[in-house]
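To start, the structure under review is shown below, and the notes come after it.
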Amino acid sequence: MPSMDTISRELMLDSLRNYAKKNLFHEFLREKDANNEFPAEILKEMYDQSILGVHLLLIPKEYGGISGGTFDVYRVCEILARIDLGIATGVFATFLGTDPLSVGGTDEQKEKWMTRIAKENLLVAYAATEADAGSDLVNLRTRAEHVLKNGKLIGYKLTGNKQWISNGGVADVYSVLAMAPGGSSWFMVEKGTEGFSPNKHEDKHGIRLSNTAGLSFDNAYIPKENLIGGVEGQGLTQAQAVFGYTRVMVAAFGLGAGWEALEVAIKYSQQRIQGGGPLSDKQGYTHKLIVPNAVNLEAARAYIEEISERLDGGEKGLQTEGAIAKYAATESGNKTAEDAIQALGGYGYTKDFSVEKIKRDAKITCIYEGTNEVMEMTIFRGRWQEHLKTRGRYYIDMADSLQSLHLESPEVGADLAALAARALAVIMEECRAQRLTRHQHITFKLGKLISLAELAFIFAKRAAAVEYTETIKFDRNVWQAMSRVYAKNAALQIAAEGIALILGAAEKDIDLAEALNFNTIQALQKGLISDMDLIASKLKDTFKAK
Amino acid sequence: MHIVVCVKQVPDSAEIKIDIETGTLIRAGVPSIINPYDHFALQKAIELKKAHKCKLTVISMGPPQAKSVVQLGLALGADDGILLSDRAFAGSDTWATSYIISKAIKKIGKIDIILCGMQAIDGDTAQVGPGIAQHLAMPQVTFCEDIKIDSKKIIVRKLIDDGYEIIEAKSPALFTMIMPKDFEPRYPAFLDIHNSLEKPYHQWSMCDIGAQEQYIGLKGSPTQVDRIYPPPKREKAEMISGGVSEAVEKIVDIFEKENFLKI
């Protein structure tokens, strides 16, 4: 679906921010967090069509929704995450829960359920995970057995257990993945169905405002009309079809949580006087705890926006890209939240400041919707295929296009991003030639290096664009400095880690420094500190302490 | 009955920063909001619309992105939206701005009530509302905190220094609204924002409203801004403690030291 116009989207975000300002202040969130309490009344209001109606974003217009695009959903998820990642997860679960329906539902099913979700403000849960089936759904144990009447199929009986289901104990309707005789399939299950009951609310490390519970099915009868798509065996295809899109949402969670924590740290650093001046003026502080995080988060933003625009433009799948977005943004968000505690010192470690909670909350983004190790594997698999298919040209072509970009826009670090891509091509080819991908560690690490190279590429490309999106809070020269810093780091990290990987596993001695242009990468680190100085100073201007 | 409410998009003053070196506002990253006084006027207009089934038009002047405050008005319940946007309007002072808005209101046709915020939080002049009334030769009441319609009369509560006045007016008239302390701004739900795109919206230029070039923009403005600068920071006050005579002595000492007592 194409995204909506910027003004409408910004008005919606303003409504959301103002709702949060009025209702979701720190003390309220802190109390709910301490009590491990799901704020049912808040979710009710957020779904109320006359107050906010956030869930309508995911519902097509013909069923009473507003047909939001990926870019819209990314922005709403980012702002929700800045407010509270637990509440964000509650909303996200509804988004996720309606996905099997949007992807695989028949027109009648969409009409029935989407309309009800929109109009009756139903909270939805997405129930796939089991004790032995997380990202690997092959071991699905929940069964859906045929119920026949006069030899004709009239429904299914579901038996089994689900675990860690967001909204599990509070949803009105559930999309449940179960193994039917014809293969894995999604079913719509309403709360109160006989034989179905949610279990206790989990006591979690973070996102404690999100209800998480197991589900038990004991011969729960589901009419056959509730089999999504009406055909058995479509479950995994339907689940995978939306990964590109759903992972962008979790990526936006990482981005939002990270920026929220970083803003707290940036403002704090201007007020905390140590050694005769504010911490915000001390390089040892800013260049370690603030600037690298701002750079990584903005690189992730550039990537999320690129993928959102491509999905909104009609491209399908983009699973590898979704995985890169999720991996990069949530790793950065989690690291930023951790650094924000450090940046606030003893204060950061107390519950009086929000960063302690953000850190606990942000950790989940590295785990759910596929752990980041599963993301590394997915990224590697996707791009390894491209590497083989193009006979090693995939990243060489990317490097060539970056080189051309550098000639047009020499200020965005495209030369370094090109070196990063070229180095990655060499490393991947060496891994192929020496059959090093038999080491799982190397494949996962390659997933990480691929993510670095692709973010550097997209960041440089978008930093050179004539117009920026409304989300970029910085002047061109600052965002471009961020892109340069990212590219410098990406090239250096890919080359250095690539050498370590190959030499660590290869049986023969090999000197890769020249092939990776290591000397040039080192030489082009020039200017790194002054770029970081500029970014530190502009971050202070942009997020001024009151 | 037809109500027109005038709204302005302003930088969020809570976030505003001034570049001390250049003396200009730092706009990057500063969010734009509806002027809070206008927000109150808009909500009052919507209450009147609901109670008396009036037609409500929301009007603003500004660059294309100021459409945002017009759409906010539409999403909250206005029927029609107009944005006055033209490069020729740039640099207009309060006189030129009120001239432009009055020309647009004339183009709308017969109207009964015009509501404005008492002032905008960026310029704080409180001149545009009264200016519109003057250009339209219309009676006006400023600093109103409440407005009601009673058959053909419009009854407002106007705040004055030591209390308030209840004033009755006949339509057409213009009222500028203050913002009560307990004002809670309402924001539209997602669906209302989405549906507001279906409502009539017009963007009018200088030609559309028949404004004369010599009265608009920087050239048509009697007021010219010299420069913008943050007020100098006040030095910390010195608190004097002790009994009356001791305090007086200390104050006189300071006066003498600072040469305040020399004639």
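For the structure tokens, the naming scheme is as follows: chains receive sequential letters (A, B, ...) according to their order of presentation, residues are indexed from 1 within each chain, and ligands are indexed from 1 in presentation order.
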>> For the structure I just gave you, how does DSSP split segment 130-251 of chain A - specifically, which residues are strand (DSSP E)? Reply as a VMD selection string.
In response: chain A and resid 143 to 149 152 to 166 173 to 180 183 to 190 196 to 201 212 to 223
>> I'd like the contact shell of segment 84-95 of chain B - 9 Å cut-off, only C-alpha atoms, skipping same-chain residues fewer than 3 positions apart - returned as a PyMOL selection string.
In response: chain B and resi 59-64+66+98-101+104+125-128+131-132+202-206+209+213+215-225
>> Please report the interatomic distance between atom CA of Thr542 of chain A and atom CA of Arg234 of chain B in Å with one decimal.
In response: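 According to the coordinates, atom CA of Thr542 of chain A and atom CA of Arg234 of chain B are separated by 24.6 Å.
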>> Could you tell me which residues of chain A sit within 10 Å of chain B when counting only C-alpha atoms, and give me the result as a PyMOL selection string?
In response: chain A and resi 4-19+22+46-57+61+64-68+470-475+541-546
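Picture a line from atom CA of Asn226 of chain A to atom CA of Ala171 of chain A; it runs 16.7 Å.
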>> Report as a PyMOL selection string all protein, DNA and RNA residues lying within 9 Å of Val478 of chain A, evaluated on only C-alpha atoms, omitting residues in the same chain fewer than 6 positions from it.
In response: chain A and resi 531+534-535+538
Once you have the residues from the selection above, write them out as a CSV table (one decimal), in the first residue's frame, restricted to N, CA, C and O atoms.
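And here's result07.csv as it stands now:
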```
chain,number,residue,atom,x,y,z
A,531,ASP,N,34.8,15.4,12.0
A,531,ASP,CA,33.4,15.0,11.8
A,531,ASP,C,32.6,14.7,13.1
A,531,ASP,O,31.5,15.2,13.3
A,534,LEU,N,31.9,17.9,15.0
A,534,LEU,CA,30.8,18.6,14.4
A,534,LEU,C,29.4,18.0,14.9
A,534,LEU,O,28.5,18.7,15.3
A,535,ILE,N,29.4,16.6,14.8
A,535,ILE,CA,28.2,15.9,15.1
A,535,ILE,C,27.8,16.2,16.6
A,535,ILE,O,26.7,16.5,17.0
A,538,LYS,N,26.4,19.6,17.1
A,538,LYS,CA,25.1,19.8,16.5
A,538,LYS,C,24.0,19.0,17.3
A,538,LYS,O,22.9,19.4,17.4
```
Which neighbours of segment 144-154 of chain B fall inside 8 Å, counting only C-alpha atoms, when residues of the same chain fewer than 6 positions from it are skipped, and could you give them as a PDB file with N, CA and C atoms, in the first residue's frame?
```pdb
ATOM      1  N   LYS B  44     -13.535  26.452  20.238  1.00  0.00           N
ATOM      2  CA  LYS B  44     -14.763  27.200  20.546  1.00  0.00           C
ATOM      3  C   LYS B  44     -15.670  27.242  19.315  1.00  0.00           C
ATOM      4  N   LEU B  48     -19.529  25.873  18.811  1.00  0.00           N
ATOM      5  CA  LEU B  48     -20.642  26.664  18.265  1.00  0.00           C
ATOM      6  C   LEU B  48     -21.267  25.943  17.078  1.00  0.00           C
ATOM      7  N   HIS B  52     -25.120  24.921  17.146  1.00  0.00           N
ATOM      8  CA  HIS B  52     -26.041  25.741  16.334  1.00  0.00           C
ATOM      9  C   HIS B  52     -26.047  25.362  14.865  1.00  0.00           C
ATOM     10  N   GLU B 168     -22.589  42.014  24.390  1.00  0.00           N
ATOM     11  CA  GLU B 168     -23.457  41.459  23.347  1.00  0.00           C
ATOM     12  C   GLU B 168     -23.100  42.130  22.029  1.00  0.00           C
ATOM     13  N   ALA B 169     -23.070  41.346  20.978  1.00  0.00           N
ATOM     14  CA  ALA B 169     -22.740  41.911  19.664  1.00  0.00           C
ATOM     15  C   ALA B 169     -23.695  41.351  18.626  1.00  0.00           C
ATOM     16  N   LYS B 170     -23.840  42.140  17.549  1.00  0.00           N
ATOM     17  CA  LYS B 170     -24.640  41.650  16.421  1.00  0.00           C
ATOM     18  C   LYS B 170     -23.683  41.135  15.370  1.00  0.00           C
ATOM     19  N   SER B 171     -24.118  40.144  14.615  1.00  0.00           N
ATOM     20  CA  SER B 171     -23.255  39.659  13.550  1.00  0.00           C
ATOM     21  C   SER B 171     -23.395  40.584  12.336  1.00  0.00           C
ATOM     22  N   PHE B 175     -14.017  38.346  16.836  1.00  0.00           N
ATOM     23  CA  PHE B 175     -13.647  38.175  18.252  1.00  0.00           C
ATOM     24  C   PHE B 175     -12.273  37.542  18.343  1.00  0.00           C
ATOM     25  N   THR B 176     -11.439  38.094  19.217  1.00  0.00           N
ATOM     26  CA  THR B 176     -10.160  37.397  19.459  1.00  0.00           C
ATOM     27  C   THR B 176     -10.252  36.717  20.819  1.00  0.00           C
ATOM     28  N   MET B 177      -9.741  35.493  20.846  1.00  0.00           N
ATOM     29  CA  MET B 177      -9.921  34.646  22.028  1.00  0.00           C
ATOM     30  C   MET B 177      -8.621  34.521  22.813  1.00  0.00           C
ATOM     31  N   ILE B 178      -8.731  34.663  24.122  1.00  0.00           N
ATOM     32  CA  ILE B 178      -7.583  34.368  24.979  1.00  0.00           C
ATOM     33  C   ILE B 178      -7.600  32.861  25.230  1.00  0.00           C
ATOM     34  N   MET B 179      -6.685  32.372  26.002  1.00  0.00           N
ATOM     35  CA  MET B 179      -6.680  30.934  26.256  1.00  0.00           C
ATOM     36  C   MET B 179      -6.758  30.698  27.757  1.00  0.00           C
ATOM     37  N   PRO B 180      -7.872  30.149  28.259  1.00  0.00           N
ATOM     38  CA  PRO B 180      -7.970  29.942  29.709  1.00  0.00           C
ATOM     39  C   PRO B 180      -6.889  28.972  30.195  1.00  0.00           C
TER      40      PRO B 180
END
```
>> Between atom CA of Gly314 of chain A and atom CA of Pro100 of chain A, what is the distance in Å, rounded to a tenth?
In response: 18.4 Å
>> I need the residues of segment 37-141 of chain B that end up classed as helix (DSSP H, G or I) by DSSP on the backbone, written out as a PyMOL selection string.
In response: chain B and resi 37-52+64-76+87-89+94-108+128-135
Same residues, C-alpha atoms, output as a short mmCIF file (atom, residue, chain, number, x, y, z; two decimals), in the first residue's frame:
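After the write, again_3.cif holds the following:
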```cif
data_model
loop_
_atom_site.label_atom_id
_atom_site.label_comp_id
_atom_site.auth_asym_id
_atom_site.auth_seq_id
_atom_site.Cartn_x
_atom_site.Cartn_y
_atom_site.Cartn_z
CA TYR B 37 -4.65 30.67 21.15
CA ASP B 38 -5.94 29.76 17.69
CA HIS B 39 -6.36 26.18 18.86
CA PHE B 40 -8.66 27.45 21.60
CA ALA B 41 -10.56 29.65 19.12
CA LEU B 42 -10.90 26.66 16.81
CA GLN B 43 -12.30 24.47 19.56
CA LYS B 44 -14.76 27.20 20.55
CA ALA B 45 -15.82 27.51 16.91
CA ILE B 46 -16.38 23.75 16.72
CA GLU B 47 -18.53 23.90 19.88
CA LEU B 48 -20.64 26.66 18.27
CA LYS B 49 -20.89 24.67 15.05
CA LYS B 50 -22.12 21.61 16.92
CA ALA B 51 -24.58 23.53 19.08
CA HIS B 52 -26.04 25.74 16.33
CA PRO B 64 2.48 25.27 1.66
CA GLN B 65 3.35 23.23 4.78
CA ALA B 66 0.96 25.45 6.79
CA LYS B 67 -1.75 23.27 5.19
CA SER B 68 -1.15 21.21 8.32
CA VAL B 69 -3.05 23.61 10.60
CA VAL B 70 -5.91 23.89 8.11
CA GLN B 71 -6.15 20.11 7.91
CA LEU B 72 -6.05 19.94 11.71
CA GLY B 73 -9.10 22.23 11.73
CA LEU B 74 -10.86 20.04 9.17
CA ALA B 75 -10.04 16.88 11.10
CA LEU B 76 -11.42 18.41 14.30
CA ARG B 87 5.45 33.77 -2.59
CA ALA B 88 4.18 37.34 -2.91
CA PHE B 89 2.83 37.12 0.66
CA THR B 94 0.58 42.39 10.62
CA TRP B 95 -1.02 45.14 8.49
CA ALA B 96 -0.39 43.33 5.19
CA THR B 97 -1.36 39.97 6.70
CA SER B 98 -4.68 41.28 7.98
CA TYR B 99 -5.29 42.92 4.58
CA ILE B 100 -4.67 39.57 2.80
CA ILE B 101 -6.91 37.62 5.19
CA SER B 102 -9.66 40.23 4.92
CA LYS B 103 -9.55 39.94 1.12
CA ALA B 104 -9.95 36.17 1.43
CA ILE B 105 -12.85 36.53 3.84
CA LYS B 106 -14.55 38.92 1.40
CA LYS B 107 -14.14 36.27 -1.28
CA ILE B 108 -15.82 33.66 0.95
CA VAL B 128 -3.80 40.64 13.04
CA GLY B 129 -7.27 39.91 14.48
CA PRO B 130 -8.14 43.59 15.05
CA GLY B 131 -6.51 44.40 11.69
CA ILE B 132 -8.87 42.04 9.86
CA ALA B 133 -11.87 43.67 11.56
CA GLN B 134 -10.64 47.12 10.54
CA HIS B 135 -10.09 46.07 6.92
#
```
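Omitting Ala340 of chain A and its sequence neighbours fewer than 6 positions away, and counting only C-alpha atoms, the residues within 9 Å are A:Gly258, A:Ala261, A:Leu262, A:Glu263, A:Val264, A:Ala265, A:Ile266, A:Leu289, A:Ile290, A:Gly348, A:Val355, A:Glu356, A:Lys359.
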>> So that I can check the surroundings of Leu512 of chain A, please list as a ChimeraX atom specification every protein, DNA and RNA residue that reaches within 10 Å of it, counting only C-alpha atoms and ignoring chain neighbours fewer than 2 positions away.
In response: /A:423,426-427,430,495,498-499,502-503,509-510,514-518
Could you write those residues out with N, CA, C and O atoms, as a compact mmCIF listing (two decimals), in the first residue's frame?
```
# COMPACT_ATOMS: atom_id res chain seq x y z
N ALA A 423 35.47 -4.51 -0.39
CA ALA A 423 36.13 -5.42 0.56
C ALA A 423 35.22 -6.61 0.86
O ALA A 423 35.68 -7.76 0.92
N VAL A 426 35.35 -9.14 -1.87
CA VAL A 426 36.59 -9.93 -1.81
C VAL A 426 36.47 -11.01 -0.72
O VAL A 426 36.80 -12.17 -0.93
N ILE A 427 35.95 -10.60 0.43
CA ILE A 427 35.84 -11.54 1.56
C ILE A 427 34.88 -12.67 1.20
O ILE A 427 35.16 -13.85 1.45
N GLU A 430 36.48 -14.99 -1.27
CA GLU A 430 37.52 -15.81 -0.61
C GLU A 430 36.86 -16.93 0.20
O GLU A 430 37.34 -18.07 0.22
N ALA A 495 36.89 -4.71 6.61
CA ALA A 495 38.24 -5.16 6.22
C ALA A 495 38.91 -5.90 7.37
O ALA A 495 39.43 -7.01 7.20
N GLY A 498 36.97 -9.06 8.37
CA GLY A 498 37.04 -10.00 7.25
C GLY A 498 38.37 -10.73 7.25
O GLY A 498 38.44 -11.95 7.08
N ILE A 499 39.45 -9.97 7.44
CA ILE A 499 40.79 -10.58 7.50
C ILE A 499 40.84 -11.61 8.63
O ILE A 499 41.29 -12.74 8.45
N ILE A 502 38.85 -14.81 7.73
CA ILE A 502 39.44 -15.68 6.72
C ILE A 502 40.74 -16.31 7.23
O ILE A 502 40.93 -17.53 7.14
N LEU A 503 41.58 -15.48 7.81
CA LEU A 503 42.84 -16.04 8.31
C LEU A 503 42.59 -17.00 9.47
O LEU A 503 43.32 -17.95 9.68
N ASP A 509 48.22 -19.82 3.99
CA ASP A 509 48.54 -18.43 4.31
C ASP A 509 48.11 -17.55 3.15
O ASP A 509 48.28 -17.89 2.00
N ILE A 510 47.58 -16.42 3.51
CA ILE A 510 47.12 -15.51 2.45
C ILE A 510 47.24 -14.07 2.95
O ILE A 510 46.99 -13.79 4.12
N GLU A 514 46.09 -6.10 0.57
CA GLU A 514 46.08 -5.36 -0.68
C GLU A 514 44.74 -5.51 -1.39
O GLU A 514 44.16 -4.53 -1.86
N ALA A 515 44.25 -6.76 -1.44
CA ALA A 515 42.98 -7.01 -2.13
C ALA A 515 41.84 -6.23 -1.47
O ALA A 515 40.89 -5.81 -2.14
N LEU A 516 41.95 -6.03 -0.18
CA LEU A 516 40.88 -5.31 0.54
C LEU A 516 41.10 -3.79 0.55
O LEU A 516 40.31 -3.06 1.15
N ASN A 517 42.18 -3.34 -0.08
CA ASN A 517 42.53 -1.91 -0.07
C ASN A 517 42.68 -1.37 1.35
O ASN A 517 42.21 -0.27 1.67
N PHE A 518 43.28 -2.17 2.18
CA PHE A 518 43.35 -1.81 3.59
C PHE A 518 44.05 -0.48 3.83
O PHE A 518 43.63 0.33 4.65
```
>> Which residues are near Ile79 of chain A? Cut-off 8 Å, only C-alpha atoms, ignore same chain within fewer than 2 positions. Put them as a list in words.
In response: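 Returned residues: Leu13, Leu16, Arg17, Arg75, Val76, Cys77, Ala81, Arg82, Ile83 and Gly256 of chain A.
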What does the file look like for those residues with N, CA and C atoms, as a compact mmCIF listing (two decimals), in the first residue's frame?
```
# COMPACT_ATOMS: atom_id res chain seq x y z
N LEU A 13 0.86 11.54 14.05
CA LEU A 13 1.94 11.40 15.04
C LEU A 13 1.79 12.44 16.15
N LEU A 16 -0.78 11.27 18.51
CA LEU A 16 -0.22 10.20 19.33
C LEU A 16 0.70 10.78 20.42
N ARG A 17 1.57 11.71 20.02
CA ARG A 17 2.50 12.33 20.98
C ARG A 17 1.73 13.08 22.07
N ARG A 75 6.78 5.02 11.10
CA ARG A 75 6.80 6.24 11.91
C ARG A 75 5.97 6.06 13.20
N VAL A 76 4.81 5.44 13.05
CA VAL A 76 3.98 5.22 14.24
C VAL A 76 4.71 4.30 15.22
N CYS A 77 5.34 3.25 14.68
CA CYS A 77 6.08 2.32 15.56
C CYS A 77 7.25 3.05 16.25
N ALA A 81 7.43 3.42 20.25
CA ALA A 81 8.60 2.90 20.98
C ALA A 81 9.22 3.98 21.85
N ARG A 82 9.14 5.23 21.39
CA ARG A 82 9.69 6.32 22.20
C ARG A 82 8.84 6.53 23.45
N ILE A 83 7.57 6.19 23.35
CA ILE A 83 6.67 6.36 24.49
C ILE A 83 6.87 5.20 25.48
N GLY A 256 13.33 3.89 17.67
CA GLY A 256 12.62 4.79 18.60
C GLY A 256 13.17 4.69 20.01
```
